[in-house]
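Asks: Pasting protein.cif here (mmCIF, C-alpha atoms):
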```cif
data_run
loop_
_atom_site.label_atom_id
_atom_site.label_comp_id
_atom_site.auth_asym_id
_atom_site.auth_seq_id
_atom_site.Cartn_x
_atom_site.Cartn_y
_atom_site.Cartn_z
CA MET L 1 0.00 0.00 0.00
CA GLU L 2 2.84 2.41 0.80
CA ALA L 3 4.45 1.67 -2.56
CA THR L 4 1.14 2.35 -4.32
CA ALA L 5 0.71 5.65 -2.47
CA LEU L 6 4.25 6.67 -3.40
CA ASP L 7 3.60 5.64 -6.98
CA LEU L 8 0.44 7.74 -7.18
CA GLY L 9 2.19 10.69 -5.57
CA LEU L 10 5.05 10.55 -8.05
CA ARG L 11 2.63 10.33 -10.96
CA GLY L 12 0.71 13.33 -9.65
CA ALA L 13 3.96 15.31 -9.52
CA VAL L 14 4.84 14.19 -13.04
CA ALA L 15 1.45 15.14 -14.46
CA GLY L 16 1.49 18.51 -12.68
CA LEU L 17 4.98 19.35 -13.88
CA PHE L 18 4.24 18.38 -17.48
CA LEU L 19 0.96 20.32 -17.53
CA MET L 20 2.73 23.38 -16.09
CA MET L 21 5.20 23.16 -19.00
CA VAL L 22 2.32 23.12 -21.47
CA VAL L 23 0.70 26.19 -19.86
CA VAL L 24 3.97 28.13 -19.65
CA THR L 25 4.95 27.31 -23.22
CA LEU L 26 1.60 28.18 -24.76
CA GLY L 27 1.04 31.24 -22.58
CA ARG L 28 4.43 32.91 -22.41
CA VAL L 29 6.85 31.56 -24.98
CA ARG L 30 6.91 33.40 -28.31
CA PRO L 31 7.35 32.64 -31.11
CA LEU L 32 5.89 29.12 -31.04
CA ASP L 33 8.34 27.48 -33.41
CA THR L 34 8.75 23.80 -34.25
CA ILE L 35 10.79 23.07 -31.13
CA LYS L 36 8.17 24.64 -28.85
CA TRP L 37 5.26 22.78 -30.47
CA LEU L 38 7.14 19.49 -30.17
CA SER L 39 7.86 20.33 -26.51
CA VAL L 40 4.16 20.94 -25.89
CA ALA L 41 3.24 17.65 -27.56
CA MET L 42 5.80 15.72 -25.50
CA ALA L 43 4.73 17.36 -22.23
CA ALA L 44 1.04 16.68 -22.86
CA SER L 45 1.81 13.07 -23.80
CA GLY L 46 3.95 12.66 -20.69
CA ALA L 47 1.15 13.90 -18.44
CA LEU L 48 -1.36 11.58 -20.09
CA TYR L 49 0.99 8.60 -19.88
CA ALA L 50 1.58 9.20 -16.16
CA ILE L 51 -2.19 9.23 -15.58
CA VAL L 52 -3.42 6.39 -17.75
CA THR L 53 -0.74 3.91 -16.62
CA ALA L 54 -1.37 4.58 -12.93
CA PRO L 55 -2.74 1.85 -10.63
CA PHE L 56 -6.52 1.50 -10.45
CA VAL L 57 -7.08 3.20 -13.83
CA PRO L 58 -9.29 0.87 -15.93
CA LYS L 59 -7.22 -0.30 -18.86
CA ALA L 60 -10.23 -0.62 -21.13
CA ALA L 61 -10.87 3.09 -20.68
CA VAL L 62 -7.51 4.09 -22.10
CA TRP L 63 -7.30 1.89 -25.19
CA TRP L 64 -7.89 4.88 -27.45
CA ILE L 65 -5.13 6.86 -25.77
CA MET L 66 -2.29 4.36 -25.41
CA PRO L 67 -1.57 4.00 -29.16
CA VAL L 68 -1.04 7.77 -29.36
CA LEU L 69 1.23 7.68 -26.32
CA GLY L 70 3.11 4.77 -27.85
CA ALA L 71 4.37 7.13 -30.56
CA ASN L 72 6.18 9.33 -28.00
CA PRO L 73 9.65 8.10 -29.08
CA VAL L 74 8.98 9.68 -32.49
CA LEU L 75 8.24 13.02 -30.81
CA VAL L 76 11.41 12.78 -28.70
CA TRP L 77 13.48 12.00 -31.77
CA LEU L 78 12.00 14.91 -33.75
CA TRP L 79 12.49 17.26 -30.81
CA ALA L 80 16.14 16.28 -30.44
CA ARG L 81 16.73 16.77 -34.17
CA ALA L 82 15.02 20.17 -34.18
CA SER L 83 16.81 21.31 -31.02
CA PHE L 84 20.35 20.38 -31.97
CA ASP L 85 20.42 20.56 -35.76
CA ASP L 86 19.94 24.17 -36.92
CA ASP L 87 19.29 22.99 -40.48
CA PHE L 88 16.63 20.43 -39.56
CA VAL L 89 13.15 20.91 -41.05
CA VAL L 90 10.11 18.80 -40.20
CA ARG L 91 8.95 16.97 -43.33
CA ARG L 92 5.71 15.27 -44.25
CA TRP L 93 7.26 11.84 -43.90
CA HIS L 94 7.95 12.60 -40.22
CA GLY L 95 4.22 13.00 -39.68
CA ALA L 96 3.62 9.84 -41.70
CA LEU L 97 6.04 7.95 -39.44
CA TRP L 98 4.17 9.12 -36.33
CA LEU L 99 0.82 8.07 -37.84
CA ALA L 100 2.26 4.68 -38.83
CA VAL L 101 3.44 4.02 -35.27
CA VAL L 102 0.03 4.99 -33.90
CA ALA L 103 -1.64 2.67 -36.42
CA VAL L 104 0.58 -0.26 -35.45
CA TRP L 105 -0.20 0.24 -31.77
CA PHE L 106 -3.93 0.31 -32.54
CA SER L 107 -3.57 -2.95 -34.44
CA VAL L 108 -1.66 -4.43 -31.49
CA ILE L 109 -4.43 -3.52 -29.03
CA PHE L 110 -7.31 -4.79 -31.14
CA THR L 111 -5.62 -8.07 -32.08
CA TRP L 112 -4.22 -8.91 -28.65
CA THR L 113 -6.91 -11.48 -27.88
CA THR L 114 -7.59 -12.77 -31.40
CA TRP L 115 -4.05 -12.93 -32.85
CA PRO L 116 -1.66 -12.77 -29.88
CA ILE L 117 1.35 -13.80 -31.96
CA PHE L 118 0.79 -10.90 -34.35
CA ALA L 119 0.23 -8.51 -31.43
CA LYS L 120 3.43 -9.59 -29.64
CA ALA L 121 5.39 -9.19 -32.88
CA GLY L 122 3.94 -5.67 -33.20
CA VAL L 123 5.00 -4.81 -29.64
CA ARG L 124 8.52 -6.05 -30.29
CA SER L 125 8.81 -4.14 -33.55
CA MET L 126 7.62 -0.92 -31.90
CA SER L 127 10.02 -1.43 -29.00
CA MET L 128 12.86 -1.94 -31.47
CA LEU L 129 11.83 1.22 -33.33
CA ALA L 130 11.78 3.14 -30.03
CA ILE L 131 15.31 1.95 -29.27
CA ILE L 132 16.50 2.96 -32.75
CA LEU L 133 14.92 6.41 -32.50
CA SER L 134 16.24 6.97 -28.97
CA LEU L 135 19.75 5.94 -29.96
CA SER L 136 19.47 8.12 -33.06
CA ALA L 137 18.58 11.09 -30.85
CA ALA L 138 21.57 10.28 -28.65
CA VAL L 139 23.90 9.98 -31.65
CA GLN L 140 22.62 13.29 -33.07
CA THR L 141 23.20 14.90 -29.68
CA VAL L 142 26.79 13.66 -29.45
CA ARG L 143 27.68 14.11 -33.13
CA THR L 144 27.04 17.86 -33.17
CA TRP L 145 28.11 18.52 -29.57
CA LYS L 146 31.61 19.69 -30.48
CA THR L 147 30.46 22.26 -33.04
CA ASP L 148 27.66 23.72 -30.88
CA LEU L 149 28.47 27.28 -29.80
CA VAL L 150 25.46 27.94 -27.53
CA PRO L 151 26.46 27.26 -23.88
CA GLY L 152 22.94 26.49 -22.62
CA ARG L 153 22.23 24.19 -25.51
CA ARG L 154 25.49 22.30 -24.92
CA ARG L 155 24.40 21.63 -21.33
CA LEU L 156 20.95 20.56 -22.54
CA ARG L 157 22.54 17.80 -24.62
CA LEU L 158 23.46 15.90 -21.46
CA ALA L 159 19.81 15.95 -20.40
CA VAL L 160 18.77 14.59 -23.79
CA LEU L 161 21.27 11.74 -23.52
CA ILE L 162 19.83 10.76 -20.15
CA LEU L 163 16.29 11.13 -21.51
CA ALA L 164 17.03 8.82 -24.45
CA LEU L 165 18.58 6.26 -22.10
CA LEU L 166 15.54 6.36 -19.81
CA ILE L 167 13.17 5.80 -22.74
CA VAL L 168 15.16 2.78 -23.84
CA VAL L 169 15.43 1.26 -20.35
CA LEU L 170 11.89 1.97 -19.15
CA LEU L 171 9.75 1.54 -22.24
CA SER L 172 11.60 -0.66 -24.71
CA VAL L 173 14.03 -3.12 -23.16
CA PRO L 174 11.41 -4.87 -20.95
CA ASP L 175 9.34 -5.62 -24.06
CA LEU L 176 12.27 -7.26 -25.82
CA THR L 177 13.73 -9.22 -22.91
CA SER L 178 12.57 -11.06 -19.84
CA ILE L 179 14.22 -8.48 -17.62
CA SER L 180 11.76 -6.34 -15.70
CA ALA L 181 11.48 -4.55 -12.39
CA ARG L 182 9.04 -7.19 -11.12
CA SER L 183 11.55 -9.95 -11.80
CA VAL L 184 13.87 -8.43 -9.18
CA GLY L 185 11.11 -7.74 -6.65
CA ILE L 186 10.35 -4.10 -7.47
CA SER L 187 7.02 -2.64 -8.50
CA ALA L 188 7.15 -2.03 -12.25
CA SER L 189 4.64 0.80 -11.91
CA LEU L 190 6.76 2.49 -9.25
CA VAL L 191 9.88 2.23 -11.42
CA THR L 192 7.95 3.71 -14.33
CA SER L 193 6.68 6.63 -12.25
CA ALA L 194 10.19 7.32 -10.92
CA GLY L 195 11.55 7.29 -14.47
CA LEU L 196 8.77 9.60 -15.64
CA LEU L 197 9.62 12.00 -12.80
CA ALA L 198 13.25 12.03 -13.91
CA ILE L 199 12.18 12.73 -17.49
CA ALA L 200 9.81 15.51 -16.33
CA ALA L 201 12.58 17.06 -14.23
CA LEU L 202 14.97 17.06 -17.21
CA ALA L 203 12.32 18.52 -19.50
CA GLY L 204 11.45 21.18 -16.94
CA TRP L 205 15.08 22.12 -16.54
CA ALA L 206 15.39 22.46 -20.31
CA LEU L 207 12.30 24.69 -20.49
CA PHE L 208 12.92 26.94 -17.51
CA HIS L 209 16.67 27.29 -18.15
CA PRO L 210 16.69 27.72 -21.94
CA PRO L 211 19.75 28.60 -24.00
CA PRO L 212 20.18 32.39 -24.09
CA ALA L 213 18.83 34.09 -27.17
CA VAL L 214 21.61 35.62 -29.24
CA PRO L 215 20.85 38.36 -31.77
CA VAL L 216 22.23 37.23 -35.11
CA MET L 217 24.38 39.90 -36.67
CA ALA L 218 24.93 40.11 -40.38
CA ALA L 219 28.02 38.04 -41.02
CA THR L 220 30.82 39.75 -42.86
CA THR L 221 34.14 38.81 -44.32
CA THR L 222 35.73 42.24 -44.61
CA SER L 223 38.15 43.67 -42.10
CA GLU L 224 36.56 47.12 -42.38
CA THR L 225 33.58 45.91 -40.38
CA ALA L 226 35.56 44.01 -37.76
CA ASP L 227 35.43 47.00 -35.42
CA ARG L 228 31.67 46.54 -35.10
CA MET L 229 31.86 42.85 -34.15
CA LEU L 230 31.85 43.28 -30.37
CA PRO L 231 30.51 40.55 -28.11
CA ILE L 232 27.03 41.21 -26.77
CA LYS L 233 28.09 40.72 -23.16
CA ALA L 234 31.19 42.85 -23.34
CA ALA L 235 31.05 45.56 -20.73
CA GLY L 236 33.79 47.93 -19.71
CA GLY L 237 36.63 49.52 -21.63
CA ARG L 238 39.24 46.84 -21.10
CA ARG L 239 36.87 43.99 -21.91
CA ASP L 240 35.63 45.84 -24.99
CA ALA L 241 39.19 46.33 -26.18
CA THR L 242 40.06 42.67 -25.57
CA ALA L 243 36.96 41.50 -27.40
CA SER L 244 37.60 43.82 -30.32
CA LEU L 245 41.22 42.65 -30.58
CA LEU L 246 40.15 39.00 -30.52
CA LEU L 247 37.61 39.53 -33.31
CA ARG L 248 40.17 41.43 -35.40
CA ARG L 249 42.64 38.55 -35.04
CA LEU L 250 39.90 36.10 -35.96
CA ASP L 251 38.90 38.20 -38.96
CA ILE L 252 42.50 38.30 -40.20
CA LEU L 253 42.79 34.52 -39.89
CA MET L 254 39.61 34.05 -41.88
CA THR L 255 39.87 36.74 -44.55
CA VAL L 256 43.64 37.10 -45.03
CA GLU L 257 45.09 33.72 -44.14
CA ARG L 258 41.89 31.92 -45.21
CA ILE L 259 42.33 29.27 -42.54
CA TYR L 260 38.80 28.04 -43.28
CA ARG L 261 40.30 26.24 -46.29
CA GLN L 262 42.15 23.87 -43.93
CA GLU L 263 40.69 20.37 -44.18
CA GLY L 264 39.01 19.14 -41.01
CA LEU L 265 39.42 22.45 -39.19
CA THR L 266 37.96 22.21 -35.67
CA ILE L 267 37.20 24.90 -33.14
CA GLY L 268 39.93 23.44 -30.95
CA ALA L 269 42.52 23.86 -33.71
CA LEU L 270 41.33 27.41 -34.38
CA ALA L 271 41.51 28.23 -30.67
CA ALA L 272 45.07 26.85 -30.55
CA LYS L 273 45.97 29.02 -33.55
CA LEU L 274 44.70 32.07 -31.66
CA ASP L 275 46.33 30.84 -28.41
CA LEU L 276 42.97 30.98 -26.63
CA PRO L 277 40.92 28.65 -24.43
CA GLU L 278 38.29 26.95 -26.54
CA TYR L 279 35.40 28.29 -24.46
CA ARG L 280 36.48 31.89 -25.11
CA LEU L 281 36.51 31.37 -28.85
CA ARG L 282 33.06 29.77 -28.64
CA GLN L 283 31.80 32.78 -26.73
CA ALA L 284 33.32 35.23 -29.21
CA ILE L 285 31.82 33.53 -32.27
CA ASN L 286 28.44 32.95 -30.62
CA GLU L 287 27.93 36.23 -28.77
CA GLY L 288 30.02 38.51 -30.95
CA LEU L 289 29.08 37.25 -34.39
CA GLY L 290 25.75 35.59 -33.66
CA TYR L 291 26.59 32.08 -34.90
CA ARG L 292 25.07 29.07 -33.11
CA ASN L 293 27.16 26.46 -34.87
CA PHE L 294 30.87 26.38 -35.73
CA ASN L 295 30.29 24.75 -39.11
CA ALA L 296 27.85 27.51 -40.06
CA PHE L 297 30.55 30.06 -39.16
CA LEU L 298 33.12 28.35 -41.39
CA ASN L 299 30.67 27.73 -44.21
CA ARG L 300 29.86 31.43 -44.50
CA TYR L 301 33.44 32.19 -45.50
CA ARG L 302 33.69 29.11 -47.69
CA ILE L 303 30.47 29.92 -49.53
CA ASP L 304 31.51 33.53 -50.07
CA GLU L 305 34.73 32.31 -51.71
CA ALA L 306 32.79 29.79 -53.79
CA LYS L 307 30.33 32.48 -54.92
CA ALA L 308 33.20 34.67 -56.06
CA ALA L 309 34.74 31.78 -58.01
CA LEU L 310 31.44 30.74 -59.57
CA SER L 311 30.79 34.33 -60.66
CA ASP L 312 34.21 34.69 -62.30
CA PRO L 313 34.02 34.30 -66.11
CA ASP L 314 37.68 33.25 -66.13
CA GLN L 315 36.76 30.19 -64.04
CA ARG L 316 33.71 29.12 -66.03
CA ASP L 317 35.41 25.85 -66.99
CA VAL L 318 36.55 24.97 -63.45
CA ALA L 319 34.50 22.10 -62.00
CA VAL L 320 32.13 22.90 -59.15
CA LEU L 321 33.76 20.14 -57.09
CA THR L 322 37.16 21.77 -57.51
CA ILE L 323 35.78 25.12 -56.36
CA ALA L 324 34.15 23.45 -53.36
CA MET L 325 37.34 21.63 -52.38
CA ASP L 326 39.43 24.78 -52.79
CA ALA L 327 37.04 26.62 -50.45
CA GLY L 328 37.45 24.00 -47.73
CA PHE L 329 34.56 21.58 -48.27
CA GLN L 330 35.51 17.92 -48.16
CA SER L 331 32.86 16.63 -50.55
CA ILE L 332 30.25 17.89 -52.99
CA GLY L 333 27.19 16.81 -50.96
CA PRO L 334 27.70 19.05 -47.91
CA PHE L 335 28.76 21.90 -50.22
CA ASN L 336 25.58 21.66 -52.29
CA ARG L 337 23.36 21.54 -49.19
CA ALA L 338 25.10 24.42 -47.44
CA PHE L 339 25.20 26.52 -50.60
CA LYS L 340 21.52 26.09 -51.38
CA ALA L 341 20.53 26.75 -47.75
CA GLU L 342 22.54 30.00 -47.79
CA VAL L 343 21.89 31.27 -51.33
CA GLY L 344 18.62 29.59 -52.28
CA LEU L 345 20.11 28.17 -55.49
CA THR L 346 22.32 25.23 -56.31
CA PRO L 347 25.93 26.10 -57.22
CA THR L 348 25.24 25.29 -60.89
CA GLU L 349 22.15 27.51 -60.96
CA PHE L 350 24.03 30.32 -59.23
CA ARG L 351 26.92 30.06 -61.70
CA ARG L 352 24.57 30.12 -64.69
CA ASP L 353 22.74 33.21 -63.43
CA ALA L 354 25.94 34.97 -62.37
CA LEU L 355 27.69 34.36 -65.70
CA ALA L 356 24.56 35.47 -67.57
CA ARG L 357 24.50 38.70 -65.57
CA SER L 358 28.22 39.15 -66.16
CA ALA L 359 27.78 38.64 -69.92
CA ALA L 360 24.85 41.06 -70.00
CA MET L 361 26.85 43.66 -68.12
CA ALA L 362 29.80 43.15 -70.49
CA LEU L 363 27.54 43.62 -73.53
CA GLU L 364 25.97 46.69 -71.94
CA LYS L 365 29.40 48.10 -71.25
CA MET L 366 30.53 47.42 -74.82
CA ALA L 367 27.39 49.05 -76.19
CA SER L 368 27.87 52.05 -73.93
CA GLU L 369 31.52 52.39 -74.96
CA LYS L 370 30.56 52.07 -78.62
CA MET L 371 27.90 54.76 -78.27
CA ALA L 372 30.36 57.02 -76.47
CA SER L 373 32.95 56.40 -79.19
CA GLU L 374 30.46 57.15 -81.96
CA LYS L 375 29.29 60.29 -80.17
CA MET L 376 32.87 61.45 -79.78
CA ALA L 377 33.56 60.76 -83.48
CA LEU L 378 30.49 62.78 -84.48
CA GLU L 379 31.55 65.63 -82.25
CA ASN L 380 35.03 65.54 -83.75
CA ASP L 381 33.60 65.56 -87.30
CA GLU L 382 31.31 68.46 -86.40
CA ASN L 383 34.20 70.41 -84.90
CA PHE L 384 36.29 69.68 -87.99
CA ARG L 385 33.56 70.98 -90.33
CA ILE L 386 33.13 74.09 -88.24
CA GLY L 387 36.85 74.67 -88.37
CA GLN L 388 36.88 74.21 -92.14
CA SER L 389 34.03 76.66 -92.65
CA ARG L 390 35.90 79.32 -90.74
#
```
Spell out the structure here as structure tokens.

Replies:
Amino acid sequence: MEATALDLGLRGAVAGLFLMMVVVTLGRVRPLDTIKWLSVAMAASGALYAIVTAPFVPKAAVWWIMPVLGANPVLVWLWARASFDDDFVVRRWHGALWLAVVAVWFSVIFTWTTWPIFAKAGVRSMSMLAIILSLSAAVQTVRTWKTDLVPGRRRLRLAVLILALLIVVLLSVPDLTSISARSVGISASLVTSAGLLAIAALAGWALFHPPPAVPVMAATTTSETADRMLPIKAAGGRRDATASLLLRRLDILMTVERIYRQEGLTIGALAAKLDLPEYRLRQAINEGLGYRNFNAFLNRYRIDEAKAALSDPDQRDVAVLTIAMDAGFQSIGPFNRAFKAEVGLTPTEFRRDALARSAAMALEKMASEKMASEKMALENDENFRIGQSR
């Protein structure tokens, strides 16, 4: 009885915390972007899951809810992708995946008594999918950790790793193995409620201690504007001067030495080149220049160089891959994706339009020079005739 009371108390705390997140997000957070909507969906699902899986709740009354809650790993995966990948965009197939998972869970529930073998196979497949999605979220979190420049978001990644691990341990592994809390003498419901409380605490920490918003300045690659690239938090004459000097040194490395061309350049190597602690360089690029990701910072310089090369009529026969490699990209795929995301055109389309504009300008210049030459010749002839008549 004491374990049941503790279980119900934990679930009440979980539901209350999740519902408070929903209210705060919908009422106070603006704008409501993809990350916020996914957070609301996860919080609402977490509150419902804590309630409908509680002791004494009739299971028949929640059959229409559980399939929807069974698709929570898809929401967690999408949220992790949207939170830690600045280039991620929710696609239609993501929604189709969520609907497919819901449909499978519905089929599992309604065939449990008639075709138990089919239902158990469905449960195992969904548990396997949950493990794959959770591990994918963890891999995404770790893979882009090093290039993340936002301090709060870097700390949040640890919470996501723990969250993914909890989803795997609590919701998926017991369905695939014979290992369960009950097998070692512990209430499975109590373990679930404790895990849900840990997840709610991590989610609440992420919501109420969000990464600081950084105004994104217009990126530049000219040293004339380096004086205006001061960190947002810089305060005081000496700190201002130090920040300004650091950004000038960084600008020289990027625009004069073109260090961004170096293959496999990392923020650690760049910090060593500047003889700085890595965290200070992260702060300078993030708060001073407004970049959230180190690769985005490098790609801006690389794409500017590529645009100049693609616009040059003298390099019209140089392969796009060669231009990409010269600018510092290691393969054509990432170059094409980064270029189109920045410019809105593929490199080939940009080159075609740029060379067409260059040719049109050259023809216009030739026509203008020809008209000026003809006008000058007419004026000379007129002056000659006037001189002759005199």

Asks: Could you work out how far atom CA of L:Phe294 lies from atom CA of L:Thr147, giving the answer in Å with one decimal?

Replies: 4.9 Å

Asks: Pull the neighbourhood of (29.5, 30.0, -65.6) for me: all residues within 7 Å in file coordinates, counting only C-alpha atoms, as a compact mmCIF listing (two decimals) with C-alpha atoms, in the frame of the given file.

Replies:
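Dumped everything to selection-v4.txt:
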```
# COMPACT_ATOMS: atom_id res chain seq x y z
CA LEU L 310 31.44 30.74 -59.57
CA SER L 311 30.79 34.33 -60.66
CA PRO L 313 34.02 34.30 -66.11
CA ARG L 316 33.71 29.12 -66.03
CA ARG L 351 26.92 30.06 -61.70
CA ARG L 352 24.57 30.12 -64.69
CA ALA L 354 25.94 34.97 -62.37
CA LEU L 355 27.69 34.36 -65.70
```

Asks: Would you kindly return, as a short mmCIF file (atom, residue, chain, number, x, y, z; two decimals) with C-alpha atoms, in the frame of the given file, each protein, DNA or RNA residue with an atom no farther than 9 Å from any atom of stretch 28-36 of chain L, considering all atoms listed in the file and excluding same-chain residues fewer than 6 positions away?

Replies:
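Final output, saved to selection-v5.cif:
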```cif
data_model
loop_
_atom_site.label_atom_id
_atom_site.label_comp_id
_atom_site.auth_asym_id
_atom_site.auth_seq_id
_atom_site.Cartn_x
_atom_site.Cartn_y
_atom_site.Cartn_z
CA LEU L 78 12.00 14.91 -33.75
CA TRP L 79 12.49 17.26 -30.81
CA ALA L 80 16.14 16.28 -30.44
CA ALA L 82 15.02 20.17 -34.18
CA SER L 83 16.81 21.31 -31.02
CA VAL L 89 13.15 20.91 -41.05
CA VAL L 90 10.11 18.80 -40.20
#
```

Asks: Here's the selection I'm unsure about, the PyMOL selection byres ((chain L and resi 149) around 12); applied to the file above, which residues does it give, as a VMD selection string?

Replies: chain L and resid 84 86 144 to 148 150 to 155 211 to 212 214 267 278 to 297

Asks: Which one of L:Leu298, L:Val74, L:Leu99, L:Ala44 sits closest to L:Val14 if you count only C-alpha atoms?

Replies: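 Of the candidates, the smallest distance to L:Val14 is held by L:Ala44.
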
Asks: With the PyMOL selection byres ((chain L and resi 105-117) around 9) as the selection, what would be picked from this file? Answer as a compact mmCIF listing (two decimals) with C-alpha atoms, keeping the file's coordinate frame, please.

Replies:
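The result, stored in part_25.txt:
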```
# COMPACT_ATOMS: atom_id res chain seq x y z
CA TRP L 63 -7.30 1.89 -25.19
CA TRP L 64 -7.89 4.88 -27.45
CA MET L 66 -2.29 4.36 -25.41
CA PRO L 67 -1.57 4.00 -29.16
CA VAL L 68 -1.04 7.77 -29.36
CA GLY L 70 3.11 4.77 -27.85
CA ALA L 71 4.37 7.13 -30.56
CA ALA L 100 2.26 4.68 -38.83
CA VAL L 101 3.44 4.02 -35.27
CA VAL L 102 0.03 4.99 -33.90
CA ALA L 103 -1.64 2.67 -36.42
CA VAL L 104 0.58 -0.26 -35.45
CA PHE L 118 0.79 -10.90 -34.35
CA ALA L 119 0.23 -8.51 -31.43
CA LYS L 120 3.43 -9.59 -29.64
CA ALA L 121 5.39 -9.19 -32.88
CA GLY L 122 3.94 -5.67 -33.20
CA VAL L 123 5.00 -4.81 -29.64
CA MET L 126 7.62 -0.92 -31.90
```

Asks: For the file shown, what are the residues hit by the PyMOL selection byres ((chain L and resi 23) around 12), laid out as a ChimeraX atom specification?

Replies: /L:16-22,24-29,36,39-41,43-44,207

Asks: Please indicate the distance in Å from atom CA of L:Glu349 to atom CA of L:Lys365, rounded to one decimal place.

Replies: 24.1 Å

Asks: Quote the spacing between atom CA of L:Leu38 and atom CA of L:Asn299 in Å to one decimal place.

Replies: 28.6 Å

Asks: As a PyMOL selection string, please: the residues near L:Phe350 (cut-off 10 Å, all atoms listed in the file, same-chain neighbours under 6 positions excluded).

Replies: chain L and resi 307+310-311+339-340+343-344+356

Asks: Of the candidates L:Leu274, L:Leu265, L:Val52, L:Ala200, which one gets nearest to L:Asp251 if we count all atoms listed in the file?

Replies: L:Leu274

Asks: Return as JSON the centre and edge lengths, in Å with one decimal, of the box along x, y and z that encloses every atom of stretch 37-40 of chain L in the file, padded by 8 Å per side.

Replies:
```
{"center_x": 6.0, "center_y": 21.1, "center_z": -28.2, "size_x": 19.7, "size_y": 19.3, "size_z": 20.6}
```

Asks: Can you tell me, as a VMD selection string, what residues are no more than 10 Å from stretch 326-333 of chain L when counting all atoms listed in the file, ignoring any on the same chain fewer than 5 positions away?

Replies: chain L and resid 258 to 265 298 to 299 301 to 307 309 320 to 321 338 to 339

Asks: Next, dump the selected residues to file, keeping only C-alpha atoms, as an mmCIF file, in the frame of the given file.

Replies:
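Wrote it out as again.cif, contents follow:
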```cif
data_model
loop_
_atom_site.group_PDB
_atom_site.id
_atom_site.type_symbol
_atom_site.label_atom_id
_atom_site.label_comp_id
_atom_site.auth_asym_id
_atom_site.auth_seq_id
_atom_site.Cartn_x
_atom_site.Cartn_y
_atom_site.Cartn_z
ATOM 1 C CA ARG L 258 41.890 31.920 -45.210
ATOM 2 C CA ILE L 259 42.330 29.270 -42.540
ATOM 3 C CA TYR L 260 38.800 28.040 -43.280
ATOM 4 C CA ARG L 261 40.300 26.240 -46.290
ATOM 5 C CA GLN L 262 42.150 23.870 -43.930
ATOM 6 C CA GLU L 263 40.690 20.370 -44.180
ATOM 7 C CA GLY L 264 39.010 19.140 -41.010
ATOM 8 C CA LEU L 265 39.420 22.450 -39.190
ATOM 9 C CA LEU L 298 33.120 28.350 -41.390
ATOM 10 C CA ASN L 299 30.670 27.730 -44.210
ATOM 11 C CA TYR L 301 33.440 32.190 -45.500
ATOM 12 C CA ARG L 302 33.690 29.110 -47.690
ATOM 13 C CA ILE L 303 30.470 29.920 -49.530
ATOM 14 C CA ASP L 304 31.510 33.530 -50.070
ATOM 15 C CA GLU L 305 34.730 32.310 -51.710
ATOM 16 C CA ALA L 306 32.790 29.790 -53.790
ATOM 17 C CA LYS L 307 30.330 32.480 -54.920
ATOM 18 C CA ALA L 309 34.740 31.780 -58.010
ATOM 19 C CA VAL L 320 32.130 22.900 -59.150
ATOM 20 C CA LEU L 321 33.760 20.140 -57.090
ATOM 21 C CA ALA L 338 25.100 24.420 -47.440
ATOM 22 C CA PHE L 339 25.200 26.520 -50.600
#
```

Asks: Using only C-alpha atoms, find the one residue out of L:Thr192, L:Leu246, L:Thr348, L:Arg92 that sits nearest to L:Val318.

Replies: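 With only C-alpha atoms as the atom set, the closest residue is L:Thr348.
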